[in-house]
Amino acid sequence: MSGNLSRPLLVRHARLRWDDRRGQHQLVFPEGMLVLNESGAAIVRLCDGRTVAELVAALSQSFSDVPLAGDVTVFLDRLAQKGLLRDANT
Amino acid sequence: MTPTPRPLCLLAELTYRCPLKCPYCSNPLELRRYRDEMVTTTWQRVLSEAAALGVVQVHFSGGEPLLRRDLHDLIRSARRLDLYTHLSTGATLADEATFERLRSAGLDAVQISLLDVRPSQNDWLAGAASFDKKRRAVEAARQCEFPVTLNVVLHRHNLDRIQEIVELAVQWRVNRLELAHVQYVGWAFRNRAALLPTKEQVERAERVVARARALCEAQLEIVHVLPDYFQQYPKACLHGWGQTFLTVAPDGAVLPCQAAREIPGLTFPNVCDVALADIWFEAPVFQRFRGESWMSEPCRSCERRDLDFGGCRCQAFLLTGDIAATDPVCHLSPVHELVELALRESTAGKIAFRTMPPDGSRPAIPD
Ligand code: SF4
Ligand code: SF4
């Protein structure tokens with residue numbers, strides 16, 4: 001269940017939502033949730049089965065201070081370890 | 001004083017009706033006193049008030065929530081409010097068609113209870129032939145691609161079979177296995193002598209879980225909740241009273257904890273009379289154990305008081321008669337010997353099964 005996904009896809013039971021009350025992005029799943037910042041939420045939104053390279057490229061369109069590709073991978077690994085991402089190829 | 005946080009999690013107990021008779025049920029002992037159930041539109045109002053209050057996850061529970069014919073409508077309403085929805089079910093009334101309908105209503109996750117890995121033991125404890133139904137329900141839920149948690153409550157009568165339980169969970173391809181030991185409140189308190197395991201059982205179980213965890217890491221997440229009677233310190237009950245959790249009972253009573261209902265001296269406002277937000281922020285029963293000012297010694301000056309909040313209020317009341325006492329499970333409690341006495345006196349004695357007097361209006365089959 002560890003990282004190194006070539007085409008990260010958000011699993012069906014994880015949902016990204018905006019919490020108006022608390023003013024935060026949340027990634028919710030059965031056991032709890034993660035609070036995400038803007039770039040974290042943007043990355044999760046792009047976990048639709050495209051490649052990591054495509055994901056990083058798309059990210060640079062919406063952010064001037066693009067998170068480094070290495071940081072993106074670390075973040076994706078963290079989500080994958082929690083079982084929140086799968087590989088679109090498999 | 002820190003400001004009161006908004007709740008994250010709503011336990012929506014849709015009904016206390018249930019075809020099973022689990023002897024550690026979290027529903028009240030005096031079930032006959034609470035027959036009223038809110039209608040669909042009231043529950044829908046509760047859901048939207050909960051969402052406005054900041055709730056993120058809703059657990060539809062009971063009793064058996066599948067006995068409510070409007071379950072799908074309530075799930076749909078919750079999803080429209082962008083709430084994450086769980087169903088906790090005994091799963092004796094659910095086949096593939098049920099789960100397909102739940103899926104299209106927008107249900108996110110399923111939790112199915114199992115009493116024991118041995119069919120005959122399961123059926124004996126549940127008070128009804130239910131093992132095969134549960135097995136089929138798990139399969140149907142997986143078929144519909146739900147994330148499934150299998151929940152097995154642990155006690156003297158099944159604690160020696162953890163290895164088999166883990167194997168079954170792997171075989172049934174559930175995502176998560178929750179092995180939570182009985183909490184001795186409500187029905188479980190009544191049956192305490194018959195349910196309490198021995199120290200040897202508990203220690204053995206810990207070793208088995210550790211081994212199983214290492215072996216199944218890739219296929220199965222295992223959550224193990226240890227029995228607090230055998231711990232040095234109490235549980236951080238509810239993550240603090242009135243901090244994160246909120247329960248709405250079938251009749252609309254709003255409780256900080258589902259086990260608190262039968263504690264004498266506490267009054268629970270009803271969501272039919274008062275807005276949910278007013279109850280959460282202002283009701284005396286929610287305010288009562290927030291923060292630390294209610295604590296007495298030894299908690300008041302203890303450095304762990306913001307870790308475990310003095311333990312479980314219901315347990316404190318059941319064991320000492322004083323709801324504001326230190327949870328006697330804590331070895332620092334002046335009456336900790338009450339717990340040791342209970343451990344010494346436990347025997348595989350007679351079990352009182354959950355009962356609900358027959359009621360003509362009780363629907364036999366759900367929609
Ligand atoms: S614990 Fe057992 S009896 Fe109680 S509601 Fe759940 S399934 Fe029904
Ligand atoms: S004395 Fe109170 S605060 Fe300290 S560990 Fe025991 S229960 Fe917790």
# chains A, B, ... in the order shown; residues from 1 in each chain; ligands from 1
$ residues_around --residues "Arg45 (chain A)" --least-positions-apart "2" --cutoff "10 Å" --atoms "only C-alpha atoms" --output "list in words"
Leu9, Leu10, Arg15, Leu16, Ser39, Gly40, Ala41, Ala42, Ile43, Cys47, Asp48 and Leu55 of chain A
$ closest_atom_pairs --of "chain B" --to "ligand 1" --cutoff "10 Å" --atoms "only C-alpha atoms and all ligand atoms" --output "JSON lines"
{"residue": "B:Glu13", "atom": "CA", "partner": "ligand 1", "partner_atom_place_in_ligand_line": "5 (S)", "distance": 9.2}
{"residue": "B:Thr15", "atom": "CA", "partner": "ligand 1", "partner_atom_place_in_ligand_line": "5 (S)", "distance": 8.7}
{"residue": "B:Tyr16", "atom": "CA", "partner": "ligand 1", "partner_atom_place_in_ligand_line": "5 (S)", "distance": 6.7}
{"residue": "B:Arg17", "atom": "CA", "partner": "ligand 1", "partner_atom_place_in_ligand_line": "5 (S)", "distance": 7.5}
{"residue": "B:Cys18", "atom": "CA", "partner": "ligand 1", "partner_atom_place_in_ligand_line": "8 (Fe)", "distance": 4.9}
{"residue": "B:Pro19", "atom": "CA", "partner": "ligand 1", "partner_atom_place_in_ligand_line": "8 (Fe)", "distance": 6.7}
{"residue": "B:Leu20", "atom": "CA", "partner": "ligand 1", "partner_atom_place_in_ligand_line": "3 (S)", "distance": 4.7}
{"residue": "B:Lys21", "atom": "CA", "partner": "ligand 1", "partner_atom_place_in_ligand_line": "3 (S)", "distance": 4.3}
{"residue": "B:Cys22", "atom": "CA", "partner": "ligand 1", "partner_atom_place_in_ligand_line": "2 (Fe)", "distance": 4.1}
{"residue": "B:Pro23", "atom": "CA", "partner": "ligand 1", "partner_atom_place_in_ligand_line": "3 (S)", "distance": 7.1}
{"residue": "B:Tyr24", "atom": "CA", "partner": "ligand 1", "partner_atom_place_in_ligand_line": "1 (S)", "distance": 6.2}
{"residue": "B:Cys25", "atom": "CA", "partner": "ligand 1", "partner_atom_place_in_ligand_line": "1 (S)", "distance": 3.6}
{"residue": "B:Ser26", "atom": "CA", "partner": "ligand 1", "partner_atom_place_in_ligand_line": "4 (Fe)", "distance": 5.8}
{"residue": "B:Asn27", "atom": "CA", "partner": "ligand 1", "partner_atom_place_in_ligand_line": "4 (Fe)", "distance": 6.0}
{"residue": "B:Pro28", "atom": "CA", "partner": "ligand 1", "partner_atom_place_in_ligand_line": "4 (Fe)", "distance": 9.3}
{"residue": "B:Ser61", "atom": "CA", "partner": "ligand 1", "partner_atom_place_in_ligand_line": "5 (S)", "distance": 7.7}
{"residue": "B:Gly62", "atom": "CA", "partner": "ligand 1", "partner_atom_place_in_ligand_line": "5 (S)", "distance": 5.2}
{"residue": "B:Gly63", "atom": "CA", "partner": "ligand 1", "partner_atom_place_in_ligand_line": "5 (S)", "distance": 3.5}
{"residue": "B:Glu64", "atom": "CA", "partner": "ligand 1", "partner_atom_place_in_ligand_line": "5 (S)", "distance": 5.7}
{"residue": "B:Pro65", "atom": "CA", "partner": "ligand 1", "partner_atom_place_in_ligand_line": "5 (S)", "distance": 8.7}
{"residue": "B:Ser88", "atom": "CA", "partner": "ligand 1", "partner_atom_place_in_ligand_line": "6 (Fe)", "distance": 8.2}
{"residue": "B:Thr89", "atom": "CA", "partner": "ligand 1", "partner_atom_place_in_ligand_line": "7 (S)", "distance": 6.7}
{"residue": "B:Gly90", "atom": "CA", "partner": "ligand 1", "partner_atom_place_in_ligand_line": "7 (S)", "distance": 4.7}
{"residue": "B:Ala91", "atom": "CA", "partner": "ligand 1", "partner_atom_place_in_ligand_line": "7 (S)", "distance": 8.4}
{"residue": "B:Thr92", "atom": "CA", "partner": "ligand 1", "partner_atom_place_in_ligand_line": "7 (S)", "distance": 9.2}
{"residue": "B:Ile112", "atom": "CA", "partner": "ligand 1", "partner_atom_place_in_ligand_line": "7 (S)", "distance": 9.1}
{"residue": "B:Ser113", "atom": "CA", "partner": "ligand 1", "partner_atom_place_in_ligand_line": "7 (S)", "distance": 6.9}
{"residue": "B:Leu114", "atom": "CA", "partner": "ligand 1", "partner_atom_place_in_ligand_line": "7 (S)", "distance": 8.7}
{"residue": "B:Leu115", "atom": "CA", "partner": "ligand 1", "partner_atom_place_in_ligand_line": "2 (Fe)", "distance": 8.7}
{"residue": "B:Leu125", "atom": "CA", "partner": "ligand 1", "partner_atom_place_in_ligand_line": "2 (Fe)", "distance": 9.2}
{"residue": "B:Ala126", "atom": "CA", "partner": "ligand 1", "partner_atom_place_in_ligand_line": "2 (Fe)", "distance": 6.8}
{"residue": "B:Gly127", "atom": "CA", "partner": "ligand 1", "partner_atom_place_in_ligand_line": "3 (S)", "distance": 9.0}
{"residue": "B:Val153", "atom": "CA", "partner": "ligand 1", "partner_atom_place_in_ligand_line": "1 (S)", "distance": 9.1}
{"residue": "B:Trp187", "atom": "CA", "partner": "ligand 1", "partner_atom_place_in_ligand_line": "4 (Fe)", "distance": 8.9}
{"residue": "B:Ala188", "atom": "CA", "partner": "ligand 1", "partner_atom_place_in_ligand_line": "1 (S)", "distance": 9.9}
{"residue": "B:Phe353", "atom": "CA", "partner": "ligand 1", "partner_atom_place_in_ligand_line": "3 (S)", "distance": 8.6}
{"residue": "B:Arg354", "atom": "CA", "partner": "ligand 1", "partner_atom_place_in_ligand_line": "3 (S)", "distance": 6.3}
{"residue": "B:Thr355", "atom": "CA", "partner": "ligand 1", "partner_atom_place_in_ligand_line": "3 (S)", "distance": 8.4}
{"residue": "B:Met356", "atom": "CA", "partner": "ligand 1", "partner_atom_place_in_ligand_line": "3 (S)", "distance": 9.6}
$ residues_near_ligand --ligand "ligand 2" --cutoff "8 Å" --atoms "only C-alpha atoms and all ligand atoms" --output "list of chain:residue names"
B:Tyr233, B:Pro234, B:Glu297, B:Pro298, B:Cys299, B:Arg300, B:Ser301, B:Cys302, B:Glu303, B:Arg304, B:Arg305, B:Asp306, B:Leu307, B:Asp308, B:Phe309, B:Gly310, B:Gly311, B:Thr326, B:Asp327, B:Pro328, B:Val329, B:Cys330, B:His331, B:Leu332, B:Ser333
$ closest_atom_pairs --of "chain A" --to "chain B" --cutoff "12 Å" --atoms "only C-alpha atoms" --output "tab-separated table"
residue	atom	partner	partner_atom	distance
A:Met1	CA	B:Ala218	CA	6.4
A:Ser2	CA	B:Ala218	CA	9.3
A:Val11	CA	B:Pro147	CA	10.1
A:Arg12	CA	B:Glu145	CA	8.5
A:His13	CA	B:Asp108	CA	6.1
A:Ala14	CA	B:Asp108	CA	8.6
A:Arg15	CA	B:Tyr84	CA	8.1
A:Leu16	CA	B:Asp82	CA	10.0
A:Arg17	CA	B:Asp82	CA	7.6
A:Trp18	CA	B:Asp82	CA	9.1
A:Asp19	CA	B:Gly54	CA	7.7
A:Asp20	CA	B:Gly54	CA	8.3
A:Arg21	CA	B:Gly54	CA	6.0
A:Arg22	CA	B:Gly54	CA	7.5
A:Gly23	CA	B:Gly54	CA	10.6
A:Gln24	CA	B:Gly54	CA	11.5
A:His25	CA	B:Val56	CA	11.7
A:Gln26	CA	B:Val56	CA	9.3
A:Leu27	CA	B:Tyr84	CA	10.4
A:Val28	CA	B:Tyr84	CA	7.2
A:Phe29	CA	B:Tyr84	CA	7.8
A:Pro30	CA	B:Ala109	CA	6.3
A:Glu31	CA	B:Arg176	CA	9.7
A:Gly32	CA	B:Gln57	CA	8.3
A:Met33	CA	B:Val56	CA	9.1
A:Leu34	CA	B:Val56	CA	11.7
A:Val35	CA	B:Val56	CA	11.9
A:Gln81	CA	B:Ala218	CA	10.3
A:Lys82	CA	B:Glu221	CA	10.2
A:Gly83	CA	B:Asn175	CA	10.0
A:Leu84	CA	B:Pro147	CA	11.5
$ closest_residue --among "B:Glu167, B:Glu345, B:Glu340, B:Glu139" --to "Glu96 (chain B)" --atoms "only C-alpha atoms"
B:Glu139
$ select_by_dssp --residues "chain A" --states "strand (DSSP E or B)" --output "PDB file with all heavy atoms, in the first residue's frame"
ATOM      1  N   PRO A   8      -1.786   8.381  -9.733  1.00  0.00           N
ATOM      2  CA  PRO A   8      -2.563   8.384  -8.490  1.00  0.00           C
ATOM      3  C   PRO A   8      -4.033   8.756  -8.709  1.00  0.00           C
ATOM      4  O   PRO A   8      -4.344   9.704  -9.425  1.00  0.00           O
ATOM      5  CB  PRO A   8      -1.858   9.430  -7.622  1.00  0.00           C
ATOM      6  CG  PRO A   8      -1.040  10.250  -8.548  1.00  0.00           C
ATOM      7  CD  PRO A   8      -0.747   9.418  -9.756  1.00  0.00           C
ATOM      8  N   LEU A   9      -4.879   7.948  -8.085  1.00  0.00           N
ATOM      9  CA  LEU A   9      -6.319   8.154  -8.181  1.00  0.00           C
ATOM     10  C   LEU A   9      -6.896   8.120  -6.769  1.00  0.00           C
ATOM     11  O   LEU A   9      -6.614   7.187  -6.011  1.00  0.00           O
ATOM     12  CB  LEU A   9      -6.932   7.033  -9.043  1.00  0.00           C
ATOM     13  CG  LEU A   9      -8.429   7.054  -9.301  1.00  0.00           C
ATOM     14  CD1 LEU A   9      -8.816   8.258 -10.153  1.00  0.00           C
ATOM     15  CD2 LEU A   9      -8.849   5.761 -10.012  1.00  0.00           C
ATOM     16  N   LEU A  10      -7.672   9.116  -6.431  1.00  0.00           N
ATOM     17  CA  LEU A  10      -8.290   9.156  -5.101  1.00  0.00           C
ATOM     18  C   LEU A  10      -9.260   7.982  -4.982  1.00  0.00           C
ATOM     19  O   LEU A  10     -10.053   7.740  -5.889  1.00  0.00           O
ATOM     20  CB  LEU A  10      -9.045  10.483  -4.926  1.00  0.00           C
ATOM     21  CG  LEU A  10      -9.497  10.824  -3.512  1.00  0.00           C
ATOM     22  CD1 LEU A  10      -8.306  11.042  -2.588  1.00  0.00           C
ATOM     23  CD2 LEU A  10     -10.383  12.068  -3.513  1.00  0.00           C
ATOM     24  N   ARG A  15     -13.255  11.640   0.351  1.00  0.00           N
ATOM     25  CA  ARG A  15     -13.903  12.792  -0.266  1.00  0.00           C
ATOM     26  C   ARG A  15     -13.288  14.099   0.188  1.00  0.00           C
ATOM     27  O   ARG A  15     -13.061  14.317   1.369  1.00  0.00           O
ATOM     28  CB  ARG A  15     -15.391  12.784   0.060  1.00  0.00           C
ATOM     29  CG  ARG A  15     -16.173  13.168  -1.151  1.00  0.00           C
ATOM     30  CD  ARG A  15     -17.616  12.851  -1.109  1.00  0.00           C
ATOM     31  NE  ARG A  15     -18.308  13.393   0.022  1.00  0.00           N
ATOM     32  CZ  ARG A  15     -19.028  12.659   0.833  1.00  0.00           C
ATOM     33  NH1 ARG A  15     -19.134  11.372   0.647  1.00  0.00           N
ATOM     34  NH2 ARG A  15     -19.658  13.220   1.824  1.00  0.00           N
ATOM     35  N   LEU A  16     -13.021  14.945  -0.785  1.00  0.00           N
ATOM     36  CA  LEU A  16     -12.502  16.270  -0.480  1.00  0.00           C
ATOM     37  C   LEU A  16     -13.675  17.214  -0.298  1.00  0.00           C
ATOM     38  O   LEU A  16     -14.599  17.209  -1.106  1.00  0.00           O
ATOM     39  CB  LEU A  16     -11.617  16.742  -1.642  1.00  0.00           C
ATOM     40  CG  LEU A  16     -10.888  18.059  -1.448  1.00  0.00           C
ATOM     41  CD1 LEU A  16      -9.826  17.934  -0.377  1.00  0.00           C
ATOM     42  CD2 LEU A  16     -10.246  18.503  -2.762  1.00  0.00           C
ATOM     43  N   ARG A  17     -13.667  17.952   0.784  1.00  0.00           N
ATOM     44  CA  ARG A  17     -14.766  18.909   0.984  1.00  0.00           C
ATOM     45  C   ARG A  17     -14.226  20.199   1.581  1.00  0.00           C
ATOM     46  O   ARG A  17     -13.139  20.237   2.163  1.00  0.00           O
ATOM     47  CB  ARG A  17     -15.851  18.305   1.879  1.00  0.00           C
ATOM     48  CG  ARG A  17     -15.479  18.224   3.344  1.00  0.00           C
ATOM     49  CD  ARG A  17     -16.390  17.317   4.134  1.00  0.00           C
ATOM     50  NE  ARG A  17     -17.712  17.869   4.420  1.00  0.00           N
ATOM     51  CZ  ARG A  17     -17.996  18.678   5.446  1.00  0.00           C
ATOM     52  NH1 ARG A  17     -17.043  19.092   6.272  1.00  0.00           N
ATOM     53  NH2 ARG A  17     -19.227  19.097   5.659  1.00  0.00           N
ATOM     54  N   TRP A  18     -14.998  21.249   1.395  1.00  0.00           N
ATOM     55  CA  TRP A  18     -14.673  22.535   1.993  1.00  0.00           C
ATOM     56  C   TRP A  18     -15.569  22.734   3.194  1.00  0.00           C
ATOM     57  O   TRP A  18     -16.792  22.610   3.097  1.00  0.00           O
ATOM     58  CB  TRP A  18     -14.864  23.657   0.963  1.00  0.00           C
ATOM     59  CG  TRP A  18     -14.810  25.018   1.576  1.00  0.00           C
ATOM     60  CD1 TRP A  18     -15.854  25.868   1.806  1.00  0.00           C
ATOM     61  CD2 TRP A  18     -13.634  25.689   2.065  1.00  0.00           C
ATOM     62  NE1 TRP A  18     -15.414  27.015   2.409  1.00  0.00           N
ATOM     63  CE2 TRP A  18     -14.051  26.947   2.580  1.00  0.00           C
ATOM     64  CE3 TRP A  18     -12.274  25.352   2.123  1.00  0.00           C
ATOM     65  CZ2 TRP A  18     -13.162  27.864   3.139  1.00  0.00           C
ATOM     66  CZ3 TRP A  18     -11.389  26.272   2.683  1.00  0.00           C
ATOM     67  CH2 TRP A  18     -11.835  27.508   3.175  1.00  0.00           C
ATOM     68  N   ASP A  19     -14.973  22.994   4.354  1.00  0.00           N
ATOM     69  CA  ASP A  19     -15.749  23.212   5.568  1.00  0.00           C
ATOM     70  C   ASP A  19     -15.899  24.716   5.772  1.00  0.00           C
ATOM     71  O   ASP A  19     -14.944  25.415   6.107  1.00  0.00           O
ATOM     72  CB  ASP A  19     -15.018  22.561   6.753  1.00  0.00           C
ATOM     73  CG  ASP A  19     -15.828  22.615   8.044  1.00  0.00           C
ATOM     74  OD1 ASP A  19     -16.502  23.650   8.280  1.00  0.00           O
ATOM     75  OD2 ASP A  19     -15.777  21.655   8.820  1.00  0.00           O
ATOM     76  N   GLN A  24     -11.764  25.505   6.092  1.00  0.00           N
ATOM     77  CA  GLN A  24     -10.635  24.623   5.755  1.00  0.00           C
ATOM     78  C   GLN A  24     -11.053  23.545   4.763  1.00  0.00           C
ATOM     79  O   GLN A  24     -12.213  23.163   4.683  1.00  0.00           O
ATOM     80  CB  GLN A  24     -10.064  23.974   7.025  1.00  0.00           C
ATOM     81  CG  GLN A  24     -11.082  23.194   7.815  1.00  0.00           C
ATOM     82  CD  GLN A  24     -10.556  22.654   9.155  1.00  0.00           C
ATOM     83  OE1 GLN A  24     -10.946  21.599   9.582  1.00  0.00           O
ATOM     84  NE2 GLN A  24      -9.677  23.382   9.822  1.00  0.00           N
ATOM     85  N   HIS A  25     -10.046  23.069   3.994  1.00  0.00           N
ATOM     86  CA  HIS A  25     -10.248  21.909   3.135  1.00  0.00           C
ATOM     87  C   HIS A  25     -10.076  20.667   3.989  1.00  0.00           C
ATOM     88  O   HIS A  25      -9.155  20.604   4.802  1.00  0.00           O
ATOM     89  CB  HIS A  25      -9.205  21.865   2.014  1.00  0.00           C
ATOM     90  CG  HIS A  25      -9.291  23.017   1.064  1.00  0.00           C
ATOM     91  ND1 HIS A  25     -10.243  23.110   0.093  1.00  0.00           N
ATOM     92  CD2 HIS A  25      -8.529  24.151   0.953  1.00  0.00           C
ATOM     93  CE1 HIS A  25     -10.079  24.231  -0.592  1.00  0.00           C
ATOM     94  NE2 HIS A  25      -9.047  24.886  -0.083  1.00  0.00           N
ATOM     95  N   GLN A  26     -10.959  19.695   3.768  1.00  0.00           N
ATOM     96  CA  GLN A  26     -10.841  18.441   4.517  1.00  0.00           C
ATOM     97  C   GLN A  26     -10.904  17.274   3.549  1.00  0.00           C
ATOM     98  O   GLN A  26     -11.717  17.268   2.624  1.00  0.00           O
ATOM     99  CB  GLN A  26     -12.004  18.309   5.517  1.00  0.00           C
ATOM    100  CG  GLN A  26     -12.047  19.413   6.547  1.00  0.00           C
ATOM    101  CD  GLN A  26     -13.388  19.479   7.263  1.00  0.00           C
ATOM    102  OE1 GLN A  26     -14.389  18.950   6.775  1.00  0.00           O
ATOM    103  NE2 GLN A  26     -13.411  20.142   8.418  1.00  0.00           N
ATOM    104  N   LEU A  27     -10.040  16.304   3.779  1.00  0.00           N
ATOM    105  CA  LEU A  27     -10.135  15.051   3.042  1.00  0.00           C
ATOM    106  C   LEU A  27     -10.708  14.030   4.025  1.00  0.00           C
ATOM    107  O   LEU A  27     -10.057  13.652   4.999  1.00  0.00           O
ATOM    108  CB  LEU A  27      -8.748  14.625   2.539  1.00  0.00           C
ATOM    109  CG  LEU A  27      -8.736  13.364   1.673  1.00  0.00           C
ATOM    110  CD1 LEU A  27      -9.620  13.518   0.438  1.00  0.00           C
ATOM    111  CD2 LEU A  27      -7.311  13.026   1.248  1.00  0.00           C
ATOM    112  N   VAL A  28     -11.939  13.628   3.778  1.00  0.00           N
ATOM    113  CA  VAL A  28     -12.668  12.800   4.747  1.00  0.00           C
ATOM    114  C   VAL A  28     -12.695  11.347   4.281  1.00  0.00           C
ATOM    115  O   VAL A  28     -12.858  11.069   3.099  1.00  0.00           O
ATOM    116  CB  VAL A  28     -14.115  13.306   4.932  1.00  0.00           C
ATOM    117  CG1 VAL A  28     -14.767  12.645   6.133  1.00  0.00           C
ATOM    118  CG2 VAL A  28     -14.125  14.821   5.105  1.00  0.00           C
ATOM    119  N   PHE A  29     -12.526  10.436   5.222  1.00  0.00           N
ATOM    120  CA  PHE A  29     -12.560   8.992   4.942  1.00  0.00           C
ATOM    121  C   PHE A  29     -13.135   8.299   6.177  1.00  0.00           C
ATOM    122  O   PHE A  29     -13.354   8.962   7.195  1.00  0.00           O
ATOM    123  CB  PHE A  29     -11.152   8.485   4.576  1.00  0.00           C
ATOM    124  CG  PHE A  29     -10.060   9.019   5.462  1.00  0.00           C
ATOM    125  CD1 PHE A  29      -9.635   8.302   6.571  1.00  0.00           C
ATOM    126  CD2 PHE A  29      -9.474  10.251   5.203  1.00  0.00           C
ATOM    127  CE1 PHE A  29      -8.636   8.795   7.392  1.00  0.00           C
ATOM    128  CE2 PHE A  29      -8.475  10.757   6.031  1.00  0.00           C
ATOM    129  CZ  PHE A  29      -8.063  10.032   7.124  1.00  0.00           C
ATOM    130  N   GLY A  32     -11.629   9.015   9.715  1.00  0.00           N
ATOM    131  CA  GLY A  32     -11.363  10.369  10.178  1.00  0.00           C
ATOM    132  C   GLY A  32     -11.180  11.321   9.020  1.00  0.00           C
ATOM    133  O   GLY A  32     -11.830  11.169   7.979  1.00  0.00           O
ATOM    134  N   MET A  33     -10.307  12.290   9.197  1.00  0.00           N
ATOM    135  CA  MET A  33     -10.077  13.230   8.099  1.00  0.00           C
ATOM    136  C   MET A  33      -8.719  13.901   8.240  1.00  0.00           C
ATOM    137  O   MET A  33      -8.098  13.895   9.298  1.00  0.00           O
ATOM    138  CB  MET A  33     -11.165  14.290   8.085  1.00  0.00           C
ATOM    139  CG  MET A  33     -11.128  15.211   9.285  1.00  0.00           C
ATOM    140  SD  MET A  33     -12.381  16.495   9.127  1.00  0.00           S
ATOM    141  CE  MET A  33     -11.758  17.675  10.318  1.00  0.00           C
ATOM    142  N   LEU A  34      -8.252  14.454   7.116  1.00  0.00           N
ATOM    143  CA  LEU A  34      -7.039  15.262   7.115  1.00  0.00           C
ATOM    144  C   LEU A  34      -7.436  16.680   6.752  1.00  0.00           C
ATOM    145  O   LEU A  34      -8.246  16.891   5.856  1.00  0.00           O
ATOM    146  CB  LEU A  34      -6.053  14.750   6.061  1.00  0.00           C
ATOM    147  CG  LEU A  34      -5.451  13.364   6.247  1.00  0.00           C
ATOM    148  CD1 LEU A  34      -4.655  12.977   5.000  1.00  0.00           C
ATOM    149  CD2 LEU A  34      -4.554  13.349   7.476  1.00  0.00           C
ATOM    150  N   VAL A  35      -6.861  17.642   7.441  1.00  0.00           N
ATOM    151  CA  VAL A  35      -7.076  19.034   7.073  1.00  0.00           C
ATOM    152  C   VAL A  35      -5.974  19.418   6.091  1.00  0.00           C
ATOM    153  O   VAL A  35      -4.789  19.191   6.360  1.00  0.00           O
ATOM    154  CB  VAL A  35      -7.041  19.933   8.325  1.00  0.00           C
ATOM    155  CG1 VAL A  35      -7.121  21.397   7.937  1.00  0.00           C
ATOM    156  CG2 VAL A  35      -8.184  19.560   9.263  1.00  0.00           C
ATOM    157  N   LEU A  36      -6.354  19.948   4.942  1.00  0.00           N
ATOM    158  CA  LEU A  36      -5.382  20.253   3.892  1.00  0.00           C
ATOM    159  C   LEU A  36      -5.277  21.760   3.662  1.00  0.00           C
ATOM    160  O   LEU A  36      -6.257  22.489   3.811  1.00  0.00           O
ATOM    161  CB  LEU A  36      -5.791  19.588   2.579  1.00  0.00           C
ATOM    162  CG  LEU A  36      -5.962  18.067   2.590  1.00  0.00           C
ATOM    163  CD1 LEU A  36      -6.382  17.583   1.200  1.00  0.00           C
ATOM    164  CD2 LEU A  36      -4.692  17.369   3.038  1.00  0.00           C
ATOM    165  N   ASP A  48      -6.681  12.195 -10.371  1.00  0.00           N
ATOM    166  CA  ASP A  48      -7.787  11.647 -11.142  1.00  0.00           C
ATOM    167  C   ASP A  48      -7.305  10.596 -12.128  1.00  0.00           C
ATOM    168  O   ASP A  48      -7.968  10.267 -13.098  1.00  0.00           O
ATOM    169  CB  ASP A  48      -8.517  12.773 -11.876  1.00  0.00           C
ATOM    170  CG  ASP A  48      -7.576  13.603 -12.734  1.00  0.00           C
ATOM    171  OD1 ASP A  48      -6.377  13.262 -12.830  1.00  0.00           O
ATOM    172  OD2 ASP A  48      -8.038  14.607 -13.311  1.00  0.00           O
ATOM    173  N   LEU A  85      -5.122   6.662  -1.811  1.00  0.00           N
ATOM    174  CA  LEU A  85      -4.864   6.709  -3.255  1.00  0.00           C
ATOM    175  C   LEU A  85      -4.646   5.299  -3.767  1.00  0.00           C
ATOM    176  O   LEU A  85      -4.164   4.442  -3.047  1.00  0.00           O
ATOM    177  CB  LEU A  85      -3.595   7.533  -3.547  1.00  0.00           C
ATOM    178  CG  LEU A  85      -3.606   9.012  -3.212  1.00  0.00           C
ATOM    179  CD1 LEU A  85      -2.230   9.595  -3.529  1.00  0.00           C
ATOM    180  CD2 LEU A  85      -4.693   9.756  -3.961  1.00  0.00           C
ATOM    181  N   ARG A  86      -5.012   5.086  -5.016  1.00  0.00           N
ATOM    182  CA  ARG A  86      -4.609   3.844  -5.662  1.00  0.00           C
ATOM    183  C   ARG A  86      -4.068   4.179  -7.035  1.00  0.00           C
ATOM    184  O   ARG A  86      -4.179   5.326  -7.484  1.00  0.00           O
ATOM    185  CB  ARG A  86      -5.768   2.857  -5.746  1.00  0.00           C
ATOM    186  CG  ARG A  86      -6.919   3.316  -6.612  1.00  0.00           C
ATOM    187  CD  ARG A  86      -8.033   2.265  -6.566  1.00  0.00           C
ATOM    188  NE  ARG A  86      -9.093   2.583  -7.506  1.00  0.00           N
ATOM    189  CZ  ARG A  86      -9.085   2.205  -8.782  1.00  0.00           C
ATOM    190  NH1 ARG A  86      -8.077   1.545  -9.283  1.00  0.00           N
ATOM    191  NH2 ARG A  86     -10.100   2.521  -9.572  1.00  0.00           N
ATOM    192  N   ASP A  87      -3.481   3.198  -7.691  1.00  0.00           N
ATOM    193  CA  ASP A  87      -2.923   3.445  -9.001  1.00  0.00           C
ATOM    194  C   ASP A  87      -3.997   3.208 -10.065  1.00  0.00           C
ATOM    195  O   ASP A  87      -4.623   2.153 -10.080  1.00  0.00           O
ATOM    196  CB  ASP A  87      -1.723   2.522  -9.226  1.00  0.00           C
ATOM    197  CG  ASP A  87      -0.825   3.057 -10.334  1.00  0.00           C
ATOM    198  OD1 ASP A  87      -1.350   3.361 -11.436  1.00  0.00           O
ATOM    199  OD2 ASP A  87       0.384   3.182 -10.089  1.00  0.00           O
TER     200      ASP A  87
END
$ residues_around --residues "Asn89 (chain A)" --least-positions-apart "5" --cutoff "10 Å" --atoms "only C-alpha atoms" --output "list in words"
Leu5, Ser6, Arg7, Pro8, Leu9, Gly49 and Arg50 of chain A
$ residues_around --residues "Phe189 (chain B)" --least-positions-apart "5" --cutoff "10 Å" --atoms "only C-alpha atoms" --output "list in words"
Pro23, Tyr24, Val182, Gln183, Tyr184, Ala194, Leu195, Leu196, Gln315, Leu318 and Leu319 of chain B
